[in-house]
Each structure stands twice: as C-alpha cells, then as structure tokens.
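So this one's coords-v9.cif, mmCIF, C-alpha atoms and all ligand atoms:
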data_work
#
loop_
_atom_site.label_atom_id
_atom_site.label_comp_id
_atom_site.auth_asym_id
_atom_site.auth_seq_id
_atom_site.Cartn_x
_atom_site.Cartn_y
_atom_site.Cartn_z
CA MET A 1 -5.91 8.61 32.57
CA TYR A 2 -5.57 8.43 28.81
CA LYS A 3 -1.78 8.39 29.07
CA ALA A 4 -1.89 5.39 31.39
CA LEU A 5 -4.10 3.48 28.98
CA LEU A 6 -1.79 4.32 26.14
CA VAL A 7 1.05 2.34 27.66
CA LEU A 8 -0.89 -0.93 27.75
CA PRO A 9 -1.02 -1.80 24.05
CA LEU A 10 2.67 -1.05 23.85
CA LEU A 11 3.68 -3.15 26.80
CA ALA A 12 1.65 -5.97 25.42
CA GLY A 13 3.07 -5.45 21.97
CA PRO A 14 0.68 -4.47 19.24
CA LEU A 15 -0.89 -7.83 18.83
CA TRP A 16 -1.19 -10.06 21.82
CA ALA A 17 -4.88 -9.72 22.62
CA GLN A 18 -4.98 -12.93 24.61
CA GLU A 19 -2.60 -11.48 27.22
CA ARG A 20 -4.59 -8.32 27.77
CA ASP A 21 -7.23 -7.47 30.34
CA PHE A 22 -9.78 -5.45 28.38
CA SER A 23 -12.29 -5.14 31.20
CA LYS A 24 -11.05 -1.72 32.35
CA VAL A 25 -10.59 -0.16 28.90
CA GLU A 26 -12.61 2.97 28.36
CA VAL A 27 -13.27 4.31 24.89
CA THR A 28 -12.90 8.08 24.72
CA VAL A 29 -13.90 10.36 21.84
CA THR A 30 -12.02 13.47 20.77
CA LYS A 31 -13.26 15.86 18.10
CA VAL A 32 -10.48 16.55 15.57
CA ALA A 33 -11.85 18.88 12.85
CA GLY A 34 -14.81 19.16 10.47
CA THR A 35 -16.64 15.82 10.34
CA VAL A 36 -13.76 13.91 11.94
CA SER A 37 -13.33 12.56 15.46
CA VAL A 38 -10.96 10.00 16.95
CA LEU A 39 -11.83 7.14 19.30
CA HIS A 40 -9.10 6.02 21.67
CA GLY A 41 -9.75 2.50 22.93
CA ALA A 42 -7.44 -0.45 23.60
CA GLY A 43 -5.55 -0.72 20.32
CA GLY A 44 -4.96 1.56 17.36
CA ASN A 45 -6.82 4.86 17.16
CA ILE A 46 -10.11 4.75 15.28
CA GLY A 47 -10.77 7.76 13.04
CA VAL A 48 -14.38 8.49 12.07
CA SER A 49 -16.17 10.87 9.75
CA VAL A 50 -19.68 11.52 11.05
CA GLY A 51 -22.34 13.33 9.06
CA GLU A 52 -25.61 13.24 7.14
CA ASP A 53 -24.73 10.05 5.32
CA GLY A 54 -23.63 8.14 8.39
CA ILE A 55 -20.26 7.02 9.70
CA VAL A 56 -17.06 6.17 7.83
CA MET A 57 -14.61 4.43 10.14
CA VAL A 58 -10.85 3.82 10.00
CA ASP A 59 -9.64 0.68 11.85
CA THR A 60 -11.53 -1.56 14.26
CA ASP A 61 -9.37 -2.00 17.42
CA TYR A 62 -9.54 -5.28 19.40
CA SER A 63 -12.78 -7.28 19.30
CA PRO A 64 -13.28 -7.39 23.12
CA VAL A 65 -13.88 -3.61 23.08
CA ALA A 66 -16.19 -3.65 20.02
CA ALA A 67 -19.33 -3.20 22.11
CA ARG A 68 -17.80 -0.15 23.83
CA ILE A 69 -16.78 1.28 20.44
CA LYS A 70 -20.32 0.77 19.14
CA ALA A 71 -21.65 2.61 22.20
CA ALA A 72 -19.24 5.50 21.60
CA LEU A 73 -20.31 5.67 17.94
CA ALA A 74 -23.97 5.66 18.98
CA GLY A 75 -23.17 8.73 21.08
CA LEU A 76 -21.91 10.48 17.93
CA SER A 77 -24.67 9.50 15.50
CA THR A 78 -27.80 7.40 15.19
CA ARG A 79 -26.97 6.85 11.51
CA PRO A 80 -25.33 3.65 10.27
CA ILE A 81 -21.70 2.86 9.60
CA ARG A 82 -21.33 2.96 5.80
CA PHE A 83 -17.74 1.95 5.09
CA ILE A 84 -14.67 0.96 7.09
CA PHE A 85 -11.01 1.31 6.12
CA ASN A 86 -8.13 -0.69 7.62
CA THR A 87 -4.74 1.04 7.75
CA HIS A 88 -2.74 -2.24 8.11
CA TRP A 89 -3.21 -5.85 9.15
CA HIS A 90 -1.92 -5.78 12.77
CA HIS A 91 -4.55 -7.08 15.14
CA ASP A 92 -4.71 -3.99 17.32
CA HIS A 93 -6.19 -2.29 14.20
CA THR A 94 -8.21 -5.18 12.69
CA ASP A 95 -9.27 -7.60 15.42
CA GLY A 96 -12.72 -5.95 15.49
CA ASN A 97 -13.18 -6.50 11.73
CA GLU A 98 -15.50 -9.48 11.99
CA VAL A 99 -17.86 -7.64 14.34
CA PHE A 100 -17.92 -4.40 12.36
CA GLN A 101 -18.08 -5.98 8.91
CA GLN A 102 -21.53 -7.25 9.88
CA LEU A 103 -22.48 -3.57 9.75
CA ALA A 104 -20.50 -2.23 6.75
CA PRO A 105 -17.94 -3.39 4.18
CA ILE A 106 -14.24 -3.09 4.92
CA ILE A 107 -11.88 -1.56 2.34
CA ALA A 108 -8.12 -2.16 2.46
CA HIS A 109 -4.96 -2.69 0.46
CA ASP A 110 -4.56 -6.04 -1.38
CA ASN A 111 -1.60 -7.10 0.77
CA LEU A 112 -3.48 -6.45 4.00
CA ARG A 113 -6.15 -8.94 2.96
CA LYS A 114 -3.50 -11.50 1.97
CA ARG A 115 -1.69 -11.19 5.31
CA LEU A 116 -4.88 -11.45 7.34
CA ALA A 117 -5.97 -14.48 5.31
CA SER A 118 -2.68 -16.34 5.61
CA GLY A 119 -1.71 -15.29 9.12
CA GLY A 120 2.00 -15.27 9.86
CA SER A 121 4.51 -14.17 12.43
CA VAL A 122 5.03 -10.76 14.04
CA ILE A 123 8.06 -10.30 16.33
CA GLY A 124 8.27 -14.06 16.56
CA ARG A 125 4.63 -14.53 17.54
CA THR A 126 2.28 -16.62 15.46
CA MET A 127 -0.76 -14.87 14.04
CA LYS A 128 -3.54 -17.28 13.09
CA PRO A 129 -5.30 -16.79 9.74
CA ALA A 130 -8.27 -14.46 10.22
CA SER A 131 -11.80 -15.73 9.75
CA GLU A 132 -13.54 -15.12 6.42
CA GLY A 133 -15.79 -12.48 7.97
CA ALA A 134 -12.78 -10.44 9.11
CA LEU A 135 -11.28 -10.13 5.63
CA PRO A 136 -11.87 -6.87 3.76
CA THR A 137 -14.52 -7.35 1.05
CA ILE A 138 -13.13 -4.51 -1.08
CA THR A 139 -9.42 -4.21 -1.84
CA PHE A 140 -7.28 -1.87 -3.91
CA SER A 141 -3.68 -1.59 -5.08
CA ASP A 142 -3.03 2.14 -5.02
CA THR A 143 -5.86 4.37 -3.81
CA ALA A 144 -9.56 4.08 -2.99
CA SER A 145 -12.05 6.87 -2.29
CA VAL A 146 -15.37 7.11 -0.49
CA HIS A 147 -17.54 10.19 -1.05
CA LEU A 148 -19.87 10.70 1.90
CA ASN A 149 -20.64 13.38 4.48
CA GLY A 150 -19.60 16.06 1.95
CA GLU A 151 -16.13 14.62 2.25
CA ASP A 152 -13.72 12.99 -0.20
CA ILE A 153 -12.20 10.29 1.98
CA VAL A 154 -9.12 8.93 0.21
CA ALA A 155 -7.05 5.91 1.22
CA ILE A 156 -3.54 5.99 -0.23
CA HIS A 157 -1.16 3.03 -0.20
CA TYR A 158 2.51 3.56 0.60
CA PRO A 159 4.61 0.48 -0.21
CA ASN A 160 6.91 -1.21 2.30
CA ALA A 161 6.64 1.19 5.23
CA HIS A 162 5.27 -0.07 8.60
CA THR A 163 4.20 -3.25 6.69
CA ASP A 164 3.66 -3.92 2.97
CA GLY A 165 -0.08 -3.32 3.17
CA ASP A 166 -0.27 0.16 4.70
CA SER A 167 -2.75 2.87 3.79
CA ILE A 168 -3.16 6.32 5.16
CA VAL A 169 -6.61 7.91 5.01
CA TYR A 170 -7.14 11.59 4.15
CA PHE A 171 -10.38 13.35 4.99
CA THR A 172 -10.03 16.06 2.38
CA GLN A 173 -12.58 18.70 3.38
CA SER A 174 -11.94 18.37 7.12
CA ASN A 175 -8.17 18.40 6.42
CA VAL A 176 -7.40 15.47 8.70
CA ILE A 177 -5.16 12.50 7.98
CA HIS A 178 -5.07 9.12 9.72
CA LEU A 179 -1.55 7.75 9.35
CA GLY A 180 -2.03 4.33 10.94
CA ASP A 181 1.20 3.02 12.43
CA GLU A 182 3.33 4.86 9.88
CA PHE A 183 3.25 7.53 12.58
CA VAL A 184 2.99 6.85 16.32
CA THR A 185 3.80 8.98 19.36
CA TYR A 186 5.17 6.27 21.66
CA GLY A 187 8.81 6.93 20.79
CA PHE A 188 10.89 4.77 18.44
CA PRO A 189 8.39 3.34 15.94
CA PHE A 190 7.82 -0.33 15.21
CA VAL A 191 8.73 -1.38 11.66
CA ASP A 192 7.47 -4.86 10.80
CA LEU A 193 10.38 -6.19 8.74
CA GLU A 194 8.92 -9.72 8.80
CA ASN A 195 5.86 -8.50 6.93
CA GLY A 196 7.27 -6.28 4.23
CA GLY A 197 8.00 -3.25 6.41
CA SER A 198 11.12 -1.16 5.84
CA VAL A 199 12.78 1.66 7.77
CA LYS A 200 13.83 3.34 4.53
CA GLY A 201 10.36 2.82 3.11
CA MET A 202 8.74 4.33 6.18
CA ILE A 203 11.03 7.37 6.03
CA ALA A 204 10.17 7.78 2.32
CA ALA A 205 6.44 7.44 3.01
CA LEU A 206 6.47 9.98 5.83
CA LYS A 207 8.50 12.42 3.74
CA ARG A 208 5.88 12.14 0.99
CA VAL A 209 3.21 12.81 3.60
CA THR A 210 4.94 15.98 4.79
CA GLU A 211 5.26 17.17 1.17
CA ARG A 212 1.83 16.39 -0.20
CA PHE A 213 -0.53 17.51 2.56
CA PRO A 214 -1.25 21.04 3.80
CA ALA A 215 1.05 22.26 6.59
CA ASP A 216 -1.92 22.67 8.94
CA VAL A 217 -3.38 19.19 8.38
CA LYS A 218 -4.35 17.49 11.64
CA VAL A 219 -2.69 14.11 12.12
CA ILE A 220 -4.28 11.09 13.76
CA PRO A 221 -1.43 8.74 14.70
CA GLY A 222 -1.82 4.97 14.91
CA HIS A 223 -1.30 5.36 18.66
CA GLY A 224 -1.28 8.54 20.71
CA PRO A 225 -2.93 11.95 20.72
CA VAL A 226 -3.80 14.08 17.68
CA SER A 227 -0.58 15.55 16.27
CA THR A 228 0.78 17.85 13.56
CA LEU A 229 2.99 17.56 10.48
CA ASP A 230 5.80 19.08 12.57
CA ASP A 231 5.57 16.07 14.88
CA VAL A 232 5.83 13.82 11.83
CA LYS A 233 8.90 15.75 10.64
CA LYS A 234 10.60 15.29 14.02
CA LEU A 235 10.06 11.53 13.81
CA VAL A 236 11.45 11.46 10.26
CA GLN A 237 14.52 13.45 11.31
CA MET A 238 15.19 11.07 14.20
CA MET A 239 14.76 8.06 11.90
CA GLU A 240 17.19 9.49 9.35
CA GLU A 241 19.80 10.47 11.94
CA THR A 242 19.70 7.18 13.81
CA THR A 243 19.79 5.19 10.55
CA ALA A 244 22.92 7.12 9.50
CA ILE A 245 24.60 6.35 12.86
CA VAL A 246 23.83 2.63 12.65
CA ALA A 247 24.98 2.55 8.99
CA GLU A 248 28.26 4.21 10.00
CA GLY A 249 28.81 1.60 12.71
CA MET A 250 28.11 -1.20 10.25
CA LYS A 251 30.64 0.28 7.81
CA LYS A 252 33.22 -0.03 10.60
CA GLY A 253 32.28 -3.69 10.94
CA ARG A 254 30.37 -3.43 14.22
CA THR A 255 27.90 -6.17 15.12
CA VAL A 256 24.44 -5.33 16.41
CA GLU A 257 25.54 -6.34 19.94
CA GLN A 258 28.54 -4.01 19.77
CA LEU A 259 26.34 -1.11 18.64
CA LYS A 260 24.09 -1.72 21.63
CA GLN A 261 27.03 -1.97 24.06
CA GLU A 262 28.58 1.21 22.65
CA LYS A 263 25.22 2.95 23.14
CA VAL A 264 25.57 4.57 19.73
CA LEU A 265 22.05 5.98 20.03
CA GLY A 266 22.59 7.32 23.55
CA ALA A 267 21.67 10.84 22.43
CA TYR A 268 18.24 9.57 21.36
CA SER A 269 17.25 7.90 24.65
CA LYS A 270 14.18 10.12 25.03
CA TRP A 271 12.65 8.13 22.13
CA SER A 272 13.09 4.85 24.00
CA GLY A 273 9.68 3.39 24.85
CA GLU A 274 8.15 0.41 26.59
CA PHE A 275 7.45 -1.31 23.29
CA ILE A 276 10.45 -0.28 21.18
CA THR A 277 13.48 0.34 23.39
CA THR A 278 16.69 1.92 22.07
CA ASP A 279 18.25 -1.55 21.70
CA LYS A 280 15.22 -2.85 19.83
CA TRP A 281 15.40 0.16 17.50
CA ILE A 282 19.10 -0.51 16.82
CA GLU A 283 18.14 -4.09 15.91
CA ILE A 284 15.35 -2.99 13.58
CA VAL A 285 17.55 -0.47 11.76
CA PHE A 286 20.50 -2.89 11.63
CA ASN A 287 18.37 -5.68 10.17
CA ASP A 288 16.73 -3.31 7.72
CA LEU A 289 20.12 -2.08 6.48
CA LYS A 290 21.45 -5.65 6.31
CA GLY A 291 18.43 -6.60 4.26
CA SER A 292 17.64 -9.51 6.52
CA LYS A 293 14.19 -10.24 7.84
ZN ZN B 301 0.93 -1.80 13.57
#

As structure tokens, how would this structure be written, given the file I've shared?
Amino acid sequence: MYKALLVLPLLAGPLWAQERDFSKVEVTVTKVAGTVSVLHGAGGNIGVSVGEDGIVMVDTDYSPVAARIKAALAGLSTRPIRFIFNTHWHHDHTDGNEVFQQLAPIIAHDNLRKRLASGGSVIGRTMKPASEGALPTITFSDTASVHLNGEDIVAIHYPNAHTDGDSIVYFTQSNVIHLGDEFVTYGFPFVDLENGGSVKGMIAALKRVTERFPADVKVIPGHGPVSTLDDVKKLVQMMEETTAIVAEGMKKGRTVEQLKQEKVLGAYSKWSGEFITTDKWIEIVFNDLKGSK
C-alpha cells in the first residue's frame, strides 16, 4: 500500500498540490532508531525526534494532510512540538509550514526563506510567494543545532545541491540522518537547476555525507523507505557514471535530442521513474554541464 502511495507525489511532480486528491492519503509511522521515527504522508518524509522534551520535526508535507500528521504525532507523544526544520523550499516539504508554525518555530537555511518569500518557478510551474506565517522564523547560513530529547540535532547546509537552500538533519545520538531530497529512492533524482541546484553540487554533497557520517547511520530519504549509506553510494555512483557519459557525448558535439535518441543511458533504465525519466535525467545533466538554467 505504501509503495502505491509513493508514486503519487512523483507523478504529480513534487509541487503541484492543487492537482492532487489528498482525501485517500494515509499517514504511516515507522520507527527508525533511538528517538527518531519517520512519517510517510503525501509529500516529503517527515522525520521526528520524540522524547521527554517533546517533538522536533523535519519538514511539514502538504497542508491538506496536516490534520492527519497532527493525529499521527499525537499517537507518538502528548508533548508539544518544540522546533521544526525544513530541508528545502519545495512545497511537498513546506506546504504545511503555516499550520505547524502556529505550534513551534521553523528553522531553515537563509536561501530557503528567500525562495519561499519570493516564490518562483519550478520545472516551468509558477510558485506563488508563501504567506508570512509559512516563512521560517529562524534562519542560518551554515549549521544550526537543537539540543532536546538527549539528542544533538544538527542541520547542516550543503550549497547548490538539490536546490541552493538545502539542509540535511543529523540526529546524533540516535545516529539517523534526514537527507531531504538530496537523496530519494524513486530512481533518477530531481535536481532543481532553476533554483540553484546542481548535479555536480549534489554529487559533492552526497560524497561528503558518505565520508562524514558513521557507516551504520540510518538514512531517511526525502521520498521512499528508510535506507543506508550504501544506498546513497549507489546513487552517487550512478550520478557520476551518467554525468561522464553525457559529458562525453557533449564533447563529440551531440545535442540533447541526439543523446536521447541514441539512448546513451540505456544501461541505466532501471533508474527511470515516473517523475524523472531517463530522457529527463539526460536533460538535467546536459543543462547542468552546459551551465544553463
Ligand atoms: Zn524537492
């Protein structure tokens, strides 16, 4: 059942709430390790630390499922939400901000706040500026930490990866990391070149992640089931190999349409997903290498 739900946000793209039917979405809770659980709802995975001090939450999903998320949280703890982190500005991770910020302050990278405030375009779709209440009240440029539930919960910014306002969140004592959309399990990843994202930057960020965290850290992806650092390494390897192939084609003067017709990434078809197909991935890598937006 969970697998079927997983496809929906991808089909709809990460951001088009108005085209979704949220009425059938169920929010499920999976224990990860230590104080940390993950809530799977309609959009990006919500990571939570639950303990004596209350709840620390990562991302807020779409607003139409906020009541169901609140109910799931109430099943975990009667204590209040204390702080909320946002991993990046995409609406499937922040649309619930206005609802949840009535309960606790939101912390995020400076650029995330700017992008939410100004709105913009994602894959050609217009994103309206977010309301004042949805904007994070606390922002940071590099890292920010919350010390609750016997846990050092550290948000770390990686520049120009999935977007230019990404943070990952490490729950130090539980040894769990929420990677936002820097790591997803739906196949080829989405890299938001229009909003400061970069394929090279995302590879660099994920490589840093695999180097700096313990080998047995549990990984909460932006979308998909709880994963491992080995899963992250496989994604990085695919990204490096496919980037090299597209770069080679460009050196020979191929256009993006020719690369698609020649099926240069044919060997990687198992990564093709509903949201990012092989052709879409060729486009993203091509445009990234070309330096165009
Ligand atoms: Zn995203």

Q: In Å, rounded to a single decimal, give me how far CA of Asp110 (chain A) is from CA of Tyr186 (chain A).
A: 27.9 Å

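Closest approach to Val99 (chain A) among A:Gly41, A:Pro129, A:Pro64, A:Pro80: A:Pro64, based on all atoms listed in the file.
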
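Checking A:Val48, A:Met57, A:Leu135, A:Val191 one by one against ligand ZN 301 (chain B), counting all atoms listed in the file, you find the shortest gap at A:Val191.
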
Q: Would you please work out which residue, of A:Val29, A:Val122, A:Ile153, A:Ile106, is nearest to ligand ZN 301 (chain B) when using only C-alpha atoms and all ligand atoms?
A: A:Val122

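Straight-line separation from CA of Tyr170 (chain A) to CA of Asp152 (chain A): 8.0 Å.
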
Q: State, in Å with one decimal place, the distance from CA of Glu274 (chain A) to CA of Val27 (chain A).
A: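 It comes out at 21.8 Å.
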
Q. Hey, which residues come within 7 Å of ligand ZN 301 (chain B) if we count only C-alpha atoms and all ligand atoms? Could you give them as number ranges by chain?
A. A: 14, 88, 90, 162, 181

Limited to C-alpha atoms, could you put the picked residues into a file as a JSON list (two decimals), keeping the file's coordinate frame?
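Result saved to part_10.json:
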[["chain", "number", "residue", "atom", "x", "y", "z"],
["A", 14, "PRO", "CA", 0.68, -4.47, 19.24],
["A", 88, "HIS", "CA", -2.74, -2.24, 8.11],
["A", 90, "HIS", "CA", -1.92, -5.78, 12.77],
["A", 162, "HIS", "CA", 5.27, -0.07, 8.60],
["A", 181, "ASP", "CA", 1.20, 3.02, 12.43]]

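In this comparison, which uses all atoms listed in the file, the residue of A:Ser145, A:Thr185, A:Ser49, A:Ser198 approaching Val285 (chain A) most closely is A:Ser198.
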
Using all atoms listed in the file and a cutoff of 9 Å, can you tell me which residues are near (19.5, 5.3, 22.2) in the file's coordinates, and write them out as an mmCIF file with C-alpha atoms, in the frame of the given file?
data_model
loop_
_atom_site.group_PDB
_atom_site.id
_atom_site.type_symbol
_atom_site.label_atom_id
_atom_site.label_comp_id
_atom_site.auth_asym_id
_atom_site.auth_seq_id
_atom_site.Cartn_x
_atom_site.Cartn_y
_atom_site.Cartn_z
ATOM 1 C CA THR A 242 19.700 7.180 13.810
ATOM 2 C CA LYS A 260 24.090 -1.720 21.630
ATOM 3 C CA LYS A 263 25.220 2.950 23.140
ATOM 4 C CA VAL A 264 25.570 4.570 19.730
ATOM 5 C CA LEU A 265 22.050 5.980 20.030
ATOM 6 C CA GLY A 266 22.590 7.320 23.550
ATOM 7 C CA ALA A 267 21.670 10.840 22.430
ATOM 8 C CA TYR A 268 18.240 9.570 21.360
ATOM 9 C CA SER A 269 17.250 7.900 24.650
ATOM 10 C CA LYS A 270 14.180 10.120 25.030
ATOM 11 C CA TRP A 271 12.650 8.130 22.130
ATOM 12 C CA SER A 272 13.090 4.850 24.000
ATOM 13 C CA THR A 277 13.480 0.340 23.390
ATOM 14 C CA THR A 278 16.690 1.920 22.070
ATOM 15 C CA ASP A 279 18.250 -1.550 21.700
ATOM 16 C CA TRP A 281 15.400 0.160 17.500
ATOM 17 C CA ILE A 282 19.100 -0.510 16.820
#

Wanna dump the region 148-196 of chain A-region 201-221 of chain A contacts at 8 Å for me, each residue with its shortest atom pair and the distance in Å to one decimal, counting all atoms listed in the file, ordered by chain and number, as CSV?
residue,atom,partner,partner_atom,distance
A:Tyr158,CA,A:Ala205,CA,6.0
A:Pro159,CA,A:Gly201,CA,7.0
A:Asn160,CA,A:Gly201,CA,5.4
A:Ala161,CA,A:Met202,CA,3.9
A:His162,CA,A:Met202,CA,6.1
A:Asn175,CA,A:Val217,CA,5.2
A:Val176,CA,A:Lys218,CA,4.7
A:Ile177,CA,A:Val219,CA,5.1
A:His178,CA,A:Ile220,CA,4.6
A:Leu179,CA,A:Pro221,CA,5.4
A:Gly180,CA,A:Pro221,CA,5.8
A:Asp181,CA,A:Pro221,CA,6.7
A:Glu182,CA,A:Met202,CA,6.6
A:Phe183,CA,A:Pro221,CA,5.3
A:Val184,CA,A:Pro221,CA,5.1
A:Thr185,CA,A:Pro221,CA,7.0
A:Val191,CA,A:Met202,CA,7.9

Q | Nearby residues (all atoms listed in the file) at most 7 Å from Gly44 (chain A), same-chain spacing under 6 positions excluded, as a list in words | A |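 Listing them by chain and then by number gives Asp61, Asp92, His93, Gly222 and His223 of chain A.
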
Q.
I'd like to know which of A:Phe85, A:Thr172, A:His91, A:Gly120 is closest to Ala144 (chain A), using all atoms listed in the file.
A.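 Distance minimum relative to Ala144 (chain A) lands on A:Phe85.
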
Q) Using only C-alpha atoms, which residue out of A:Val256, A:Asp142, A:Trp89, A:Thr126 lies closest to Thr163 (chain A)? A)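 Ranked by minimum distance to Thr163 (chain A), first place goes to A:Trp89.
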
Q. Around (31.0, -1.2, 14.6) in the file's own coordinates, what residues are found within 12 Å if you use all atoms listed in the file, given back as JSON, numbers by chain?
A. {"A": [245, 246, 247, 248, 249, 250, 251, 252, 253, 254, 255, 256, 257, 258, 259, 260, 261, 262, 263, 264, 286]}

Excluding region 130-132 of chain A and any residue of its chain fewer than 6 positions from it, enumerate the residues within 10 Å of it, using all atoms listed in the file, and give them as an mmCIF file with C-alpha atoms, in the coordinates of the input.
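Saved result, out06.cif, follows:
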data_model
loop_
_atom_site.group_PDB
_atom_site.id
_atom_site.type_symbol
_atom_site.label_atom_id
_atom_site.label_comp_id
_atom_site.auth_asym_id
_atom_site.auth_seq_id
_atom_site.Cartn_x
_atom_site.Cartn_y
_atom_site.Cartn_z
ATOM 1 C CA HIS A 91 -4.550 -7.080 15.140
ATOM 2 C CA THR A 94 -8.210 -5.180 12.690
ATOM 3 C CA ASP A 95 -9.270 -7.600 15.420
ATOM 4 C CA ASN A 97 -13.180 -6.500 11.730
ATOM 5 C CA GLU A 98 -15.500 -9.480 11.990
ATOM 6 C CA ARG A 113 -6.150 -8.940 2.960
ATOM 7 C CA LYS A 114 -3.500 -11.500 1.970
ATOM 8 C CA ARG A 115 -1.690 -11.190 5.310
ATOM 9 C CA LEU A 116 -4.880 -11.450 7.340
ATOM 10 C CA ALA A 117 -5.970 -14.480 5.310
ATOM 11 C CA SER A 118 -2.680 -16.340 5.610
ATOM 12 C CA GLY A 119 -1.710 -15.290 9.120
#

**Q.** Polymer residues at most 8 Å from Thr28 (chain A), only C-alpha atoms, same-chain spacing of 3 or more positions, as a list in words
**A.**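 My reading of the contact set: Leu39, His40, Gly41 and Ala72 of chain A.
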
Q: Find the residues around His147 (chain A) up to 10 Å (only C-alpha atoms counted), leave out those fewer than 3 positions away in its own chain, and share them as a list in words.
A: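 Using only C-alpha atoms, the neighbours found are Asp53, Val56, Gly150, Glu151, Asp152, Ile153, Val154 and Phe171 of chain A.
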
Please fill the gaps in region 250-267 of chain A so it has N, CA, C and O atoms, and write that as an mmCIF file, in the frame of the given file.
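result21.cif written:
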data_model
loop_
_atom_site.group_PDB
_atom_site.id
_atom_site.type_symbol
_atom_site.label_atom_id
_atom_site.label_comp_id
_atom_site.auth_asym_id
_atom_site.auth_seq_id
_atom_site.Cartn_x
_atom_site.Cartn_y
_atom_site.Cartn_z
ATOM 1 N N MET A 250 28.034 0.019 11.059
ATOM 2 C CA MET A 250 28.110 -1.200 10.250
ATOM 3 C C MET A 250 29.278 -1.128 9.265
ATOM 4 O O MET A 250 29.941 -2.130 8.995
ATOM 5 N N LYS A 251 29.510 0.083 8.744
ATOM 6 C CA LYS A 251 30.640 0.280 7.810
ATOM 7 C C LYS A 251 31.966 -0.035 8.498
ATOM 8 O O LYS A 251 32.903 -0.530 7.906
ATOM 9 N N LYS A 252 32.002 0.257 9.822
ATOM 10 C CA LYS A 252 33.220 -0.030 10.600
ATOM 11 C C LYS A 252 33.255 -1.496 11.057
ATOM 12 O O LYS A 252 34.094 -1.864 11.875
ATOM 13 N N GLY A 253 32.272 -2.260 10.632
ATOM 14 C CA GLY A 253 32.280 -3.690 10.940
ATOM 15 C C GLY A 253 31.680 -4.057 12.286
ATOM 16 O O GLY A 253 31.853 -5.175 12.769
ATOM 17 N N ARG A 254 30.966 -3.127 12.925
ATOM 18 C CA ARG A 254 30.370 -3.430 14.220
ATOM 19 C C ARG A 254 29.213 -4.415 14.076
ATOM 20 O O ARG A 254 28.450 -4.353 13.105
ATOM 21 N N THR A 255 29.070 -5.287 15.077
ATOM 22 C CA THR A 255 27.900 -6.170 15.120
ATOM 23 C C THR A 255 26.770 -5.415 15.834
ATOM 24 O O THR A 255 27.001 -4.370 16.470
ATOM 25 N N VAL A 256 25.579 -5.973 15.757
ATOM 26 C CA VAL A 256 24.440 -5.330 16.410
ATOM 27 C C VAL A 256 24.670 -5.272 17.926
ATOM 28 O O VAL A 256 24.337 -4.263 18.582
ATOM 29 N N GLU A 257 25.278 -6.332 18.490
ATOM 30 C CA GLU A 257 25.540 -6.340 19.940
ATOM 31 C C GLU A 257 26.548 -5.265 20.327
ATOM 32 O O GLU A 257 26.402 -4.600 21.359
ATOM 33 N N GLN A 258 27.552 -5.065 19.492
ATOM 34 C CA GLN A 258 28.540 -4.010 19.770
ATOM 35 C C GLN A 258 27.892 -2.627 19.723
ATOM 36 O O GLN A 258 28.161 -1.776 20.566
ATOM 37 N N LEU A 259 27.014 -2.420 18.748
ATOM 38 C CA LEU A 259 26.340 -1.110 18.640
ATOM 39 C C LEU A 259 25.508 -0.831 19.887
ATOM 40 O O LEU A 259 25.448 0.296 20.377
ATOM 41 N N LYS A 260 24.885 -1.886 20.410
ATOM 42 C CA LYS A 260 24.090 -1.720 21.630
ATOM 43 C C LYS A 260 25.008 -1.405 22.813
ATOM 44 O O LYS A 260 24.725 -0.496 23.594
ATOM 45 N N GLN A 261 26.110 -2.173 22.932
ATOM 46 C CA GLN A 261 27.030 -1.970 24.060
ATOM 47 C C GLN A 261 27.656 -0.580 24.013
ATOM 48 O O GLN A 261 27.859 0.060 25.032
ATOM 49 N N GLU A 262 27.962 -0.114 22.799
ATOM 50 C CA GLU A 262 28.580 1.210 22.650
ATOM 51 C C GLU A 262 27.564 2.334 22.815
ATOM 52 O O GLU A 262 27.927 3.509 22.757
ATOM 53 N N LYS A 263 26.312 1.967 22.980
ATOM 54 C CA LYS A 263 25.220 2.950 23.140
ATOM 55 C C LYS A 263 25.306 4.041 22.073
ATOM 56 O O LYS A 263 25.282 5.241 22.375
ATOM 57 N N VAL A 264 25.393 3.599 20.828
ATOM 58 C CA VAL A 264 25.570 4.570 19.730
ATOM 59 C C VAL A 264 24.378 5.521 19.586
ATOM 60 O O VAL A 264 24.513 6.606 19.047
ATOM 61 N N LEU A 265 23.212 5.093 20.099
ATOM 62 C CA LEU A 265 22.050 5.980 20.030
ATOM 63 C C LEU A 265 21.738 6.623 21.388
ATOM 64 O O LEU A 265 20.599 7.004 21.660
ATOM 65 N N GLY A 266 22.768 6.746 22.213
ATOM 66 C CA GLY A 266 22.590 7.320 23.550
ATOM 67 C C GLY A 266 21.933 8.693 23.537
ATOM 68 O O GLY A 266 21.126 9.021 24.413
ATOM 69 N N ALA A 267 22.230 9.481 22.515
ATOM 70 C CA ALA A 267 21.670 10.840 22.430
ATOM 71 C C ALA A 267 20.171 10.832 22.120
ATOM 72 O O ALA A 267 19.510 11.866 22.195
#
